[in-house]
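Enquirer: Pasting entry.pdb below, which is PDB, C-alpha atoms.
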```pdb
ATOM      1  CA  MET A 966      13.619  67.834 145.900
ATOM      2  CA  LYS A 967      15.765  64.746 145.745
ATOM      3  CA  LYS A 968      15.111  62.726 142.598
ATOM      4  CA  LYS A 969      13.690  59.216 142.869
ATOM      5  CA  THR A 970      16.154  56.429 142.063
ATOM      6  CA  VAL A 971      15.485  53.865 139.334
ATOM      7  CA  LEU A 972      17.344  50.613 138.654
ATOM      8  CA  VAL A 973      17.774  49.373 135.091
ATOM      9  CA  THR A 974      19.394  45.951 134.817
ATOM     10  CA  GLY A 975      20.918  45.434 131.387
ATOM     11  CA  GLY A 976      20.859  49.219 131.057
ATOM     12  CA  ALA A 977      23.927  49.339 128.809
ATOM     13  CA  GLY A 978      22.208  47.197 126.193
ATOM     14  CA  PHE A 979      20.368  48.300 123.075
ATOM     15  CA  ILE A 980      16.897  48.743 124.607
ATOM     16  CA  GLY A 981      18.259  49.508 128.072
ATOM     17  CA  GLY A 982      20.343  52.435 126.831
ATOM     18  CA  HIS A 983      17.320  54.087 125.233
ATOM     19  CA  LEU A 984      15.266  53.521 128.388
ATOM     20  CA  VAL A 985      18.003  55.054 130.543
ATOM     21  CA  GLU A 986      18.170  58.168 128.325
ATOM     22  CA  ARG A 987      14.434  58.744 128.780
ATOM     23  CA  LEU A 988      14.475  58.056 132.524
ATOM     24  CA  LEU A 989      17.309  60.531 133.104
ATOM     25  CA  GLN A 990      14.912  63.339 132.219
ATOM     26  CA  ASN A 991      13.215  62.826 135.590
ATOM     27  CA  TYR A 992      15.127  60.329 137.741
ATOM     28  CA  HIS A 993      18.458  59.328 139.216
ATOM     29  CA  VAL A 994      19.296  56.112 137.343
ATOM     30  CA  VAL A 995      21.441  53.185 138.449
ATOM     31  CA  VAL A 996      22.527  50.892 135.615
ATOM     32  CA  PHE A 997      23.566  47.343 136.493
ATOM     33  CA  ASP A 998      25.221  45.452 133.620
ATOM     34  CA  ASN A 999      28.019  42.926 133.056
ATOM     35  CA  LEU A1000      28.791  44.382 129.577
ATOM     36  CA  SER A1001      28.685  40.925 127.986
ATOM     37  CA  THR A1002      26.734  42.472 125.105
ATOM     38  CA  GLY A1003      26.020  45.969 126.406
ATOM     39  CA  LYS A1004      28.362  48.914 125.866
ATOM     40  CA  ARG A1005      29.246  51.906 127.992
ATOM     41  CA  THR A1006      28.894  53.977 124.806
ATOM     42  CA  ASN A1007      25.152  53.203 124.838
ATOM     43  CA  LEU A1008      24.925  55.378 127.960
ATOM     44  CA  PRO A1009      25.134  59.176 128.096
ATOM     45  CA  ASN A1010      27.439  61.129 130.370
ATOM     46  CA  HIS A1011      25.017  62.465 132.943
ATOM     47  CA  PRO A1012      25.316  63.588 136.585
ATOM     48  CA  ASP A1013      22.262  61.502 137.553
ATOM     49  CA  LEU A1014      23.619  58.274 136.057
ATOM     50  CA  GLU A1015      25.548  55.670 138.051
ATOM     51  CA  PHE A1016      26.994  52.576 136.402
ATOM     52  CA  ILE A1017      27.645  49.383 138.391
ATOM     53  CA  LEU A1018      29.509  46.499 136.773
ATOM     54  CA  GLY A1019      28.014  43.228 137.960
ATOM     55  CA  ASP A1020      26.160  40.081 136.963
ATOM     56  CA  ILE A1021      22.568  39.179 137.788
ATOM     57  CA  SER A1022      23.531  35.496 137.886
ATOM     58  CA  ARG A1023      25.683  36.262 140.973
ATOM     59  CA  GLU A1024      23.375  36.659 143.943
ATOM     60  CA  ILE A1025      25.880  38.660 145.972
ATOM     61  CA  ASP A1026      26.089  41.298 143.218
ATOM     62  CA  VAL A1027      22.313  41.679 143.263
ATOM     63  CA  LEU A1028      22.027  41.805 147.039
ATOM     64  CA  THR A1029      24.729  44.461 147.259
ATOM     65  CA  ILE A1030      22.825  46.815 144.949
ATOM     66  CA  PHE A1031      19.608  46.570 146.942
ATOM     67  CA  GLU A1032      21.509  47.053 150.203
ATOM     68  CA  ASN A1033      23.057  50.274 148.886
ATOM     69  CA  TYR A1034      20.031  51.852 147.198
ATOM     70  CA  GLN A1035      16.333  52.367 147.764
ATOM     71  CA  PHE A1036      14.546  52.155 144.419
ATOM     72  CA  SER A1037      11.268  53.689 143.288
ATOM     73  CA  TYR A1038      11.200  51.618 140.099
ATOM     74  CA  VAL A1039      13.053  48.560 138.834
ATOM     75  CA  PHE A1040      13.236  47.731 135.123
ATOM     76  CA  HIS A1041      14.672  44.241 134.745
ATOM     77  CA  LEU A1042      16.020  43.951 131.182
ATOM     78  CA  ALA A1043      19.261  42.015 131.795
ATOM     79  CA  ALA A1044      19.235  38.672 129.983
ATOM     80  CA  VAL A1045      20.976  36.429 127.537
ATOM     81  CA  ALA A1046      18.734  37.660 124.736
ATOM     82  CA  SER A1047      19.662  35.118 122.077
ATOM     83  CA  VAL A1048      17.464  32.187 121.131
ATOM     84  CA  ALA A1049      20.495  30.564 119.448
ATOM     85  CA  ALA A1050      22.619  30.934 122.588
ATOM     86  CA  SER A1051      19.877  29.354 124.682
ATOM     87  CA  ILE A1052      19.844  26.321 122.391
ATOM     88  CA  GLU A1053      23.645  25.999 122.407
ATOM     89  CA  ASP A1054      23.976  26.404 126.187
ATOM     90  CA  PRO A1055      20.614  26.159 127.946
ATOM     91  CA  LEU A1056      22.121  25.880 131.423
ATOM     92  CA  LEU A1057      24.191  29.066 131.181
ATOM     93  CA  THR A1058      21.229  30.926 129.700
ATOM     94  CA  HIS A1059      18.973  29.605 132.460
ATOM     95  CA  GLN A1060      21.354  30.825 135.161
ATOM     96  CA  THR A1061      21.065  34.363 133.824
ATOM     97  CA  ASN A1062      17.486  34.500 132.587
ATOM     98  CA  MET A1063      15.825  32.444 135.316
ATOM     99  CA  ASP A1064      18.072  32.319 138.399
ATOM    100  CA  GLY A1065      19.074  35.961 137.969
ATOM    101  CA  THR A1066      15.422  37.004 137.894
ATOM    102  CA  ILE A1067      14.727  35.143 141.142
ATOM    103  CA  TYR A1068      17.733  36.820 142.800
ATOM    104  CA  ILE A1069      16.402  40.237 141.820
ATOM    105  CA  LEU A1070      12.871  39.405 142.921
ATOM    106  CA  ASN A1071      14.113  38.189 146.309
ATOM    107  CA  ALA A1072      16.044  41.420 146.790
ATOM    108  CA  ALA A1073      13.218  43.629 145.485
ATOM    109  CA  LYS A1074      10.557  42.116 147.737
ATOM    110  CA  LYS A1075      12.431  43.529 150.758
ATOM    111  CA  GLN A1076      11.647  46.981 149.314
ATOM    112  CA  ALA A1077       8.035  46.061 148.436
ATOM    113  CA  SER A1078       6.544  48.730 150.708
ATOM    114  CA  THR A1079       8.313  51.572 148.863
ATOM    115  CA  LEU A1080       8.935  50.128 145.381
ATOM    116  CA  GLN A1081       6.357  51.628 143.032
ATOM    117  CA  LYS A1082       6.751  49.052 140.274
ATOM    118  CA  PHE A1083       8.977  46.180 139.183
ATOM    119  CA  VAL A1084       8.763  45.806 135.387
ATOM    120  CA  PHE A1085      10.091  42.625 133.788
ATOM    121  CA  ALA A1086      11.122  42.503 130.121
ATOM    122  CA  SER A1087       9.686  39.313 128.659
ATOM    123  CA  SER A1088       9.391  38.284 125.020
ATOM    124  CA  ALA A1089       6.963  37.253 122.299
ATOM    125  CA  ALA A1090       9.056  34.054 122.234
ATOM    126  CA  VAL A1091       6.764  32.756 124.997
ATOM    127  CA  TYR A1092       4.010  32.267 122.385
ATOM    128  CA  GLY A1093       6.210  29.923 120.352
ATOM    129  CA  SER A1094       4.751  28.231 117.306
ATOM    130  CA  GLU A1095       1.112  28.125 118.437
ATOM    131  CA  PRO A1096      -0.624  29.273 115.218
ATOM    132  CA  THR A1097      -3.490  31.466 116.500
ATOM    133  CA  LEU A1098      -3.075  35.122 115.437
ATOM    134  CA  PRO A1099      -2.821  37.869 116.475
ATOM    135  CA  LYS A1100      -0.988  37.051 119.683
ATOM    136  CA  ARG A1101      -2.969  38.226 122.707
ATOM    137  CA  GLU A1102      -1.848  38.122 126.318
ATOM    138  CA  THR A1103      -4.480  35.388 126.768
ATOM    139  CA  SER A1104      -3.193  33.335 123.807
ATOM    140  CA  ALA A1105      -1.869  29.839 124.363
ATOM    141  CA  ILE A1106       1.709  29.757 125.606
ATOM    142  CA  ALA A1107       3.862  27.254 123.725
ATOM    143  CA  PRO A1108       7.567  28.222 123.805
ATOM    144  CA  ILE A1109       9.780  26.081 121.593
ATOM    145  CA  THR A1110      13.228  27.191 122.799
ATOM    146  CA  PRO A1111      15.018  27.356 126.170
ATOM    147  CA  TYR A1112      14.958  31.156 125.832
ATOM    148  CA  GLY A1113      11.168  31.238 125.486
ATOM    149  CA  ILE A1114      10.714  28.715 128.296
ATOM    150  CA  ASP A1115      12.861  30.755 130.684
ATOM    151  CA  LYS A1116      11.147  34.020 129.761
ATOM    152  CA  TYR A1117       7.722  32.539 130.501
ATOM    153  CA  ALA A1118       8.903  30.942 133.743
ATOM    154  CA  ALA A1119      10.526  34.211 134.814
ATOM    155  CA  GLU A1120       7.445  36.326 134.104
ATOM    156  CA  SER A1121       5.361  33.749 136.030
ATOM    157  CA  TYR A1122       7.693  34.207 138.995
ATOM    158  CA  VAL A1123       7.313  37.987 138.720
ATOM    159  CA  LEU A1124       3.528  37.754 138.903
ATOM    160  CA  ALA A1125       3.702  35.155 141.684
ATOM    161  CA  TYR A1126       5.866  37.479 143.793
ATOM    162  CA  SER A1127       3.307  40.193 143.156
ATOM    163  CA  HIS A1128       0.506  38.020 144.542
ATOM    164  CA  LEU A1129       2.483  36.354 147.342
ATOM    165  CA  PHE A1130       4.579  39.205 148.694
ATOM    166  CA  GLY A1131       2.774  42.397 147.695
ATOM    167  CA  LEU A1132       5.480  43.361 145.193
ATOM    168  CA  LYS A1133       3.987  45.773 142.681
ATOM    169  CA  ALA A1134       5.040  44.096 139.450
ATOM    170  CA  SER A1135       4.184  43.760 135.760
ATOM    171  CA  ALA A1136       5.672  42.067 132.690
ATOM    172  CA  ALA A1137       6.068  43.269 129.100
ATOM    173  CA  ARG A1138       6.361  40.936 126.125
ATOM    174  CA  PHE A1139       8.488  42.606 123.443
ATOM    175  CA  PHE A1140       7.893  41.808 119.807
ATOM    176  CA  ASN A1141      10.536  42.595 117.142
ATOM    177  CA  VAL A1142      12.345  45.681 118.458
ATOM    178  CA  TYR A1143      14.613  47.729 116.186
ATOM    179  CA  GLY A1144      16.344  51.092 116.129
ATOM    180  CA  PRO A1145      19.616  52.993 116.601
ATOM    181  CA  ARG A1146      22.511  51.295 118.384
ATOM    182  CA  GLN A1147      21.270  47.783 117.703
ATOM    183  CA  ASN A1148      24.381  45.820 116.800
ATOM    184  CA  PRO A1149      24.104  44.104 113.377
ATOM    185  CA  GLN A1150      27.201  41.984 114.059
ATOM    186  CA  SER A1151      25.732  40.478 117.200
ATOM    187  CA  PRO A1152      24.089  37.033 117.142
ATOM    188  CA  TYR A1153      21.495  38.647 119.442
ATOM    189  CA  SER A1154      20.532  41.136 116.780
ATOM    190  CA  GLY A1155      17.242  41.451 114.954
ATOM    191  CA  VAL A1156      16.743  41.208 111.219
ATOM    192  CA  LEU A1157      16.186  44.966 110.793
ATOM    193  CA  SER A1158      19.596  45.871 112.205
ATOM    194  CA  ILE A1159      21.219  43.468 109.729
ATOM    195  CA  LEU A1160      19.104  44.914 106.934
ATOM    196  CA  THR A1161      20.004  48.483 107.945
ATOM    197  CA  ASN A1162      23.683  47.595 107.924
ATOM    198  CA  CYS A1163      23.363  46.106 104.437
ATOM    199  CA  MET A1164      21.583  49.236 103.205
ATOM    200  CA  GLY A1165      24.501  51.337 104.404
ATOM    201  CA  ASP A1166      27.254  49.196 102.850
ATOM    202  CA  GLU A1167      27.922  49.258  99.121
ATOM    203  CA  GLY A1168      28.023  45.753  97.700
ATOM    204  CA  ALA A1169      26.588  44.115 100.831
ATOM    205  CA  ASN A1170      24.326  41.109 100.373
ATOM    206  CA  PHE A1171      21.318  40.459 102.581
ATOM    207  CA  GLN A1172      20.886  36.796 103.445
ATOM    208  CA  LEU A1173      17.210  35.974 102.841
ATOM    209  CA  TYR A1174      16.014  32.702 104.348
ATOM    210  CA  GLY A1175      12.865  31.413 102.672
ATOM    211  CA  ASP A1176      10.771  33.479 100.273
ATOM    212  CA  GLY A1177      10.445  36.557 102.478
ATOM    213  CA  SER A1178       6.777  35.976 103.275
ATOM    214  CA  GLN A1179       7.558  35.663 107.004
ATOM    215  CA  VAL A1180       5.412  38.169 108.912
ATOM    216  CA  ARG A1181       6.448  40.083 112.020
ATOM    217  CA  ASP A1182       5.334  42.998 114.180
ATOM    218  CA  PHE A1183       8.317  45.383 114.157
ATOM    219  CA  VAL A1184       8.314  48.006 116.919
ATOM    220  CA  TYR A1185      10.639  51.009 117.101
ATOM    221  CA  VAL A1186      12.725  51.196 120.262
ATOM    222  CA  GLU A1187      11.344  54.630 121.266
ATOM    223  CA  ASP A1188       7.855  53.118 121.403
ATOM    224  CA  VAL A1189       9.080  50.221 123.540
ATOM    225  CA  VAL A1190      10.504  52.721 126.032
ATOM    226  CA  THR A1191       7.183  54.599 126.068
ATOM    227  CA  GLY A1192       5.364  51.341 126.778
ATOM    228  CA  LEU A1193       7.714  50.336 129.604
ATOM    229  CA  ILE A1194       7.378  53.668 131.400
ATOM    230  CA  LEU A1195       3.609  53.648 130.955
ATOM    231  CA  ILE A1196       3.396  50.182 132.515
ATOM    232  CA  ALA A1197       5.625  51.299 135.380
ATOM    233  CA  LYS A1198       3.474  54.326 136.208
ATOM    234  CA  SER A1199       0.065  52.717 135.763
ATOM    235  CA  GLU A1200      -1.842  51.344 138.743
ATOM    236  CA  GLU A1201      -3.970  49.274 136.345
ATOM    237  CA  SER A1202      -0.876  47.369 135.178
ATOM    238  CA  GLN A1203      -0.400  45.734 138.581
ATOM    239  CA  SER A1204       0.137  41.937 138.303
ATOM    240  CA  GLU A1205      -0.528  42.028 134.557
ATOM    241  CA  VAL A1206       1.312  41.100 131.360
ATOM    242  CA  PHE A1207       1.305  43.336 128.279
ATOM    243  CA  ASN A1208       2.371  42.980 124.658
ATOM    244  CA  ILE A1209       4.570  45.866 123.510
ATOM    245  CA  ALA A1210       4.456  46.065 119.730
ATOM    246  CA  SER A1211       3.396  48.374 116.929
ATOM    247  CA  GLY A1212       0.096  46.715 116.108
ATOM    248  CA  GLU A1213       1.235  46.587 112.457
ATOM    249  CA  ARG A1214       2.277  43.486 110.572
ATOM    250  CA  HIS A1215       4.645  43.304 107.612
ATOM    251  CA  SER A1216       6.250  40.549 105.610
ATOM    252  CA  LEU A1217      10.017  40.679 105.228
ATOM    253  CA  ILE A1218       9.634  41.334 101.502
ATOM    254  CA  GLU A1219       7.400  44.345 102.293
ATOM    255  CA  VAL A1220      10.036  45.626 104.721
ATOM    256  CA  ILE A1221      12.763  45.319 102.079
ATOM    257  CA  GLU A1222      10.613  47.203  99.544
ATOM    258  CA  ILE A1223       9.929  50.029 102.032
ATOM    259  CA  TYR A1224      13.628  50.250 102.904
ATOM    260  CA  GLU A1225      14.666  50.341  99.247
ATOM    261  CA  LEU A1226      12.426  53.392  98.767
ATOM    262  CA  ILE A1227      13.832  55.097 101.889
ATOM    263  CA  ALA A1228      17.459  54.434 100.956
ATOM    264  CA  ASP A1229      16.917  54.869  97.225
ATOM    265  CA  LYS A1230      18.856  51.683  96.708
ATOM    266  CA  LYS A1231      18.199  48.208  95.334
ATOM    267  CA  LEU A1232      19.233  45.604  97.883
ATOM    268  CA  SER A1233      21.329  42.655  96.763
ATOM    269  CA  LEU A1234      19.775  39.418  98.066
ATOM    270  CA  THR A1235      21.315  36.000  98.588
ATOM    271  CA  HIS A1236      18.589  33.364  98.842
ATOM    272  CA  HIS A1237      18.684  30.410 101.221
ATOM    273  CA  GLU A1238      16.316  27.651 102.253
ATOM    274  CA  GLU A1239      13.980  28.569 105.093
ATOM    275  CA  ARG A1240      15.571  27.723 108.439
ATOM    276  CA  ALA A1241      14.121  24.845 110.407
ATOM    277  CA  GLY A1242      12.206  25.981 113.478
ATOM    278  CA  ASP A1243      11.594  29.543 112.259
ATOM    279  CA  ILE A1244       8.111  30.787 113.151
ATOM    280  CA  HIS A1245       6.446  31.952 109.945
ATOM    281  CA  GLN A1246       4.039  34.534 111.363
ATOM    282  CA  SER A1247       4.023  36.431 114.632
ATOM    283  CA  TYR A1248       2.221  39.680 115.326
ATOM    284  CA  ALA A1249       0.525  41.254 118.306
ATOM    285  CA  ASP A1250      -2.826  42.437 119.506
ATOM    286  CA  ILE A1251      -2.001  45.564 121.564
ATOM    287  CA  THR A1252      -5.512  46.377 122.799
ATOM    288  CA  LYS A1253      -4.540  45.733 126.422
ATOM    289  CA  ILE A1254      -1.650  48.222 126.550
ATOM    290  CA  LYS A1255      -3.655  50.702 124.450
ATOM    291  CA  ASN A1256      -6.162  50.714 127.306
ATOM    292  CA  LEU A1257      -3.376  52.182 129.465
ATOM    293  CA  GLY A1258      -2.984  55.031 126.941
ATOM    294  CA  TYR A1259      -0.257  53.541 124.728
ATOM    295  CA  HIS A1260       0.089  54.086 121.015
ATOM    296  CA  ALA A1261       3.051  53.439 118.774
ATOM    297  CA  SER A1262       4.183  56.843 117.496
ATOM    298  CA  ASN A1263       6.328  55.376 114.715
ATOM    299  CA  THR A1264       5.025  53.568 111.679
ATOM    300  CA  LEU A1265       7.491  51.134 110.130
ATOM    301  CA  LYS A1266       8.375  53.671 107.428
ATOM    302  CA  MET A1267       8.998  56.392 110.050
ATOM    303  CA  GLY A1268      11.103  54.112 112.236
ATOM    304  CA  LEU A1269      13.171  52.776 109.354
ATOM    305  CA  SER A1270      13.774  56.326 108.100
ATOM    306  CA  LYS A1271      15.108  57.391 111.524
ATOM    307  CA  TYR A1272      17.212  54.255 111.828
ATOM    308  CA  HIS A1273      18.661  54.607 108.326
ATOM    309  CA  GLU A1274      19.529  58.274 108.901
ATOM    310  CA  TYR A1275      21.210  57.458 112.228
ATOM    311  CA  ASN A1276      23.216  54.679 110.602
ATOM    312  CA  ARG A1277      24.195  56.873 107.625
ATOM    313  CA  LYS A1278      25.471  59.683 109.882
ATOM    314  CA  ASN A1279      27.481  57.304 112.032
ATOM    315  CA  LYS A1280      29.114  55.663 109.018
ATOM    316  CA  LYS A1281      30.142  59.124 107.807
ATOM    317  CA  LEU A1282      31.770  59.720 111.182
ATOM    318  CA  GLY A1283      33.496  56.333 111.009
ATOM    319  CA  ARG A1284      31.593  54.864 113.960
TER     320      ARG A1284
END
```
How would this structure read if it were set down as structure tokens?
Expert:
Amino acid sequence: MKKKTVLVTGGAGFIGGHLVERLLQNYHVVVFDNLSTGKRTNLPNHPDLEFILGDISREIDVLTIFENYQFSYVFHLAAVASVAASIEDPLLTHQTNMDGTIYILNAAKKQASTLQKFVFASSAAVYGSEPTLPKRETSAIAPITPYGIDKYAAESYVLAYSHLFGLKASAARFFNVYGPRQNPQSPYSGVLSILTNCMGDEGANFQLYGDGSQVRDFVYVEDVVTGLILIAKSEESQSEVFNIASGERHSLIEVIEIYELIADKKLSLTHHEERAGDIHQSYADITKIKNLGYHASNTLKMGLSKYHEYNRKNKKLGR
């Protein structure tokens, strides 16, 4: 039997690459990426993988893909994923994160009768600084950055297209994702990739902003992939939004202590004033996605152990 074809926009990125690896077990996968932050090395050599260089902010690029392929699933991960970049250049970010999403939705709705699910990668940034915890899908939405605003607007468009045009679609709000191949040098990177890099470098200092009491819900990338595929395959996920997180919450100081035990190393810290605008606490209620059958397989200690081991092996190989 001919394999079903899946599109992953941003598939050469950190999360996208892991998603593509899992999908290749069962599908023919088309990756669409402009390689602005993604890397071809994040993708395996595989006979069922096709890579297309293009940009979601160019409508013609998007239309061409949907003219050439019939997709069973679309995972839309491509984005300018940096809050800082969105503040520095909100218009450029908007053209990718908002306009690009509309281009893909317009193209996808023409395949609505055969497309089994369109899954949009949103962000916990949509919740902003609204203080109620834990963050539920029904919590108040109060984004405080252009990135968060665009993510919420884009997921609203996704659900609107679902209601208006019969496009089977869902959205997933990622919390703090970490794991192998996350680039610690990138301004898009999360705190755990920077911390992992420091743990692997002798004499490296970790820049700690504030007292380390900031609380986050850190979710291992393998669990994010599990959540995305579950949402894609579930009929109950239609026209719904889901948090994808671990359901655990840890302060940054706790994370450092756990990592020091894993690496058997005392981390050198450089202390700074807390950064203006940083959200002090953010963690998720994952009851809704659990009702689809989701559970995070990796505790923070398990995920950090895997990540540290991956990083250690790659440094030995000079990668």
Enquirer: For a cut-off of 10 Å around (19.5, 28.6, 122.7), file coordinates, pick out all residues using only C-alpha atoms and list them as a list in words.
Expert: Val1045, Ala1046, Ser1047, Val1048, Ala1049, Ala1050, Ser1051, Ile1052, Glu1053, Asp1054, Pro1055, Leu1056, Leu1057, Thr1058, His1059, Thr1110, Pro1111, Tyr1112 and Gly1113 of chain A
Enquirer: Write out as a list in words the residues lying within 10 Å of A:Lys1100, counting only C-alpha atoms and excluding same-chain residues fewer than 4 positions away.
Expert: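 Once the adjacent positions are removed, what remains is Ala1089, Tyr1092, Glu1095, Pro1096, Ser1104, Ala1105, Ile1106, Asn1208, Ser1247, Tyr1248, Ala1249, Asp1250 and Ile1251 of chain A.
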Enquirer: Any chance you could work out the residue set of the PyMOL selection byres ((chain A and resi 1075) around 12) here, as a list of chain:residue names?
Expert: A:Leu1028, A:Phe1031, A:Glu1032, A:Tyr1034, A:Gln1035, A:Phe1036, A:Tyr1068, A:Ile1069, A:Leu1070, A:Asn1071, A:Ala1072, A:Ala1073, A:Lys1074, A:Gln1076, A:Ala1077, A:Ser1078, A:Thr1079, A:Leu1080, A:Tyr1126, A:Phe1130, A:Gly1131, A:Leu1132, A:Lys1133
Enquirer: I'd like to see the residues matched by the PyMOL selection byres ((chain A and resi 996-1004) around 9) on this file, and ideally I'd get them as a VMD selection string.
Expert: chain A and resid 971 to 979 981 to 982 985 994 to 995 1005 to 1008 1014 to 1021 1027 1030 1043 1045 1151 1153
Enquirer: With C-alpha atoms kept, could you save the residues just selected as a short mmCIF file (atom, residue, chain, number, x, y, z; two decimals), in the coordinates of the input?
Expert:
```cif
data_model
loop_
_atom_site.label_atom_id
_atom_site.label_comp_id
_atom_site.auth_asym_id
_atom_site.auth_seq_id
_atom_site.Cartn_x
_atom_site.Cartn_y
_atom_site.Cartn_z
CA VAL A 971 15.48 53.86 139.33
CA LEU A 972 17.34 50.61 138.65
CA VAL A 973 17.77 49.37 135.09
CA THR A 974 19.39 45.95 134.82
CA GLY A 975 20.92 45.43 131.39
CA GLY A 976 20.86 49.22 131.06
CA ALA A 977 23.93 49.34 128.81
CA GLY A 978 22.21 47.20 126.19
CA PHE A 979 20.37 48.30 123.08
CA GLY A 981 18.26 49.51 128.07
CA GLY A 982 20.34 52.44 126.83
CA VAL A 985 18.00 55.05 130.54
CA VAL A 994 19.30 56.11 137.34
CA VAL A 995 21.44 53.18 138.45
CA ARG A 1005 29.25 51.91 127.99
CA THR A 1006 28.89 53.98 124.81
CA ASN A 1007 25.15 53.20 124.84
CA LEU A 1008 24.92 55.38 127.96
CA LEU A 1014 23.62 58.27 136.06
CA GLU A 1015 25.55 55.67 138.05
CA PHE A 1016 26.99 52.58 136.40
CA ILE A 1017 27.64 49.38 138.39
CA LEU A 1018 29.51 46.50 136.77
CA GLY A 1019 28.01 43.23 137.96
CA ASP A 1020 26.16 40.08 136.96
CA ILE A 1021 22.57 39.18 137.79
CA VAL A 1027 22.31 41.68 143.26
CA ILE A 1030 22.82 46.82 144.95
CA ALA A 1043 19.26 42.02 131.79
CA VAL A 1045 20.98 36.43 127.54
CA SER A 1151 25.73 40.48 117.20
CA TYR A 1153 21.50 38.65 119.44
#
```
Enquirer: Any idea what the distance is between atom CA of A:Glu1225 and atom CA of A:Asp1176?
Expert: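 These two atoms are separated by 17.3 Å.
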Enquirer: With all atoms listed in the file as the basis for distance, which of A:Asp1229, A:Ile1196, A:Leu1217, A:Val1190 is at the shortest distance from A:Ala1261?
Expert: A:Val1190
Enquirer: Between atom CA of A:Asn1010 and atom CA of A:Tyr992, what is the distance in Å, rounded to a tenth?
Expert: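 Spanning atom CA of A:Asn1010 to atom CA of A:Tyr992 is a straight-line distance of 14.4 Å.
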Enquirer: Between A:Phe1083, A:Phe1207, A:Arg1240, A:His993, which has the minimum distance to A:Arg1101 (counting all atoms listed in the file)?
Expert: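 Nearest to A:Arg1101: A:Phe1207.
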Enquirer: Using all atoms listed in the file for the distances, tell me which of A:Leu1124, A:Met1164, A:Leu1226, A:Leu1234 is nearest to A:Glu1205.
Expert: A:Leu1124
Enquirer: For a test of reading the model, state the distance in Å between atom CA of A:Leu1042 and atom CA of A:Ala1086, rounded to one decimal.
Expert: 5.2 Å
Enquirer: Using all atoms listed in the file, can you tell me which of A:Leu1160, A:Met1063, A:Ile1254, A:Ile1244 comes closest to A:Ala1197?
Expert: A:Ile1254
Enquirer: Under the rule that all atoms listed in the file are counted, which of A:Asn1141, A:Ser1127, A:Thr1029, A:Ser1178 is the nearest residue to A:Glu1219?
Expert: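 Smallest separation from A:Glu1219 among the options: A:Ser1178.
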Enquirer: Between A:Asn1033, A:Thr1252, A:Ser1216, A:Gln1172, which one has atoms that come closest to A:Thr1235, using only C-alpha atoms?
Expert: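 Smallest distance to A:Thr1235 is found for A:Gln1172.
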Enquirer: Using the chain letters and numbers from this file, what does the PyMOL selection byres ((chain A and resi 1260) around 9) select? Give the answer as a PyMOL selection string.
Expert: chain A and resi 1188+1191-1192+1211-1212+1251+1254-1255+1258-1259+1261-1263
Enquirer: Quick one: residues within 12 Å of A:Asp1243, all atoms listed in the file counted, chain neighbours fewer than 2 positions away excluded, as a ChimeraX atom specification?
Expert: /A:1048-1049,1090,1093-1094,1109-1110,1174-1175,1179-1181,1238-1241,1245-1247
Enquirer: Draw an axis-aligned box over all listed atoms of stretch 1160-1168 of chain A, pad each side with 3 Å, and write its centre and edge lengths in Å, one decimal, as AutoDock Vina command-line options.
Expert:
```
--center_x 23.6 --center_y 48.1 --center_z 102.8 --size_x 14.9 --size_y 12.4 --size_z 16.2
```
Enquirer: Counting all atoms listed in the file, find residues at most 12 Å from (6.4, 56.7, 106.4) (file frame) and give them as an NGL selection string.
Expert: :A and (1220 or 1223-1224 or 1226-1227 or 1262-1271)
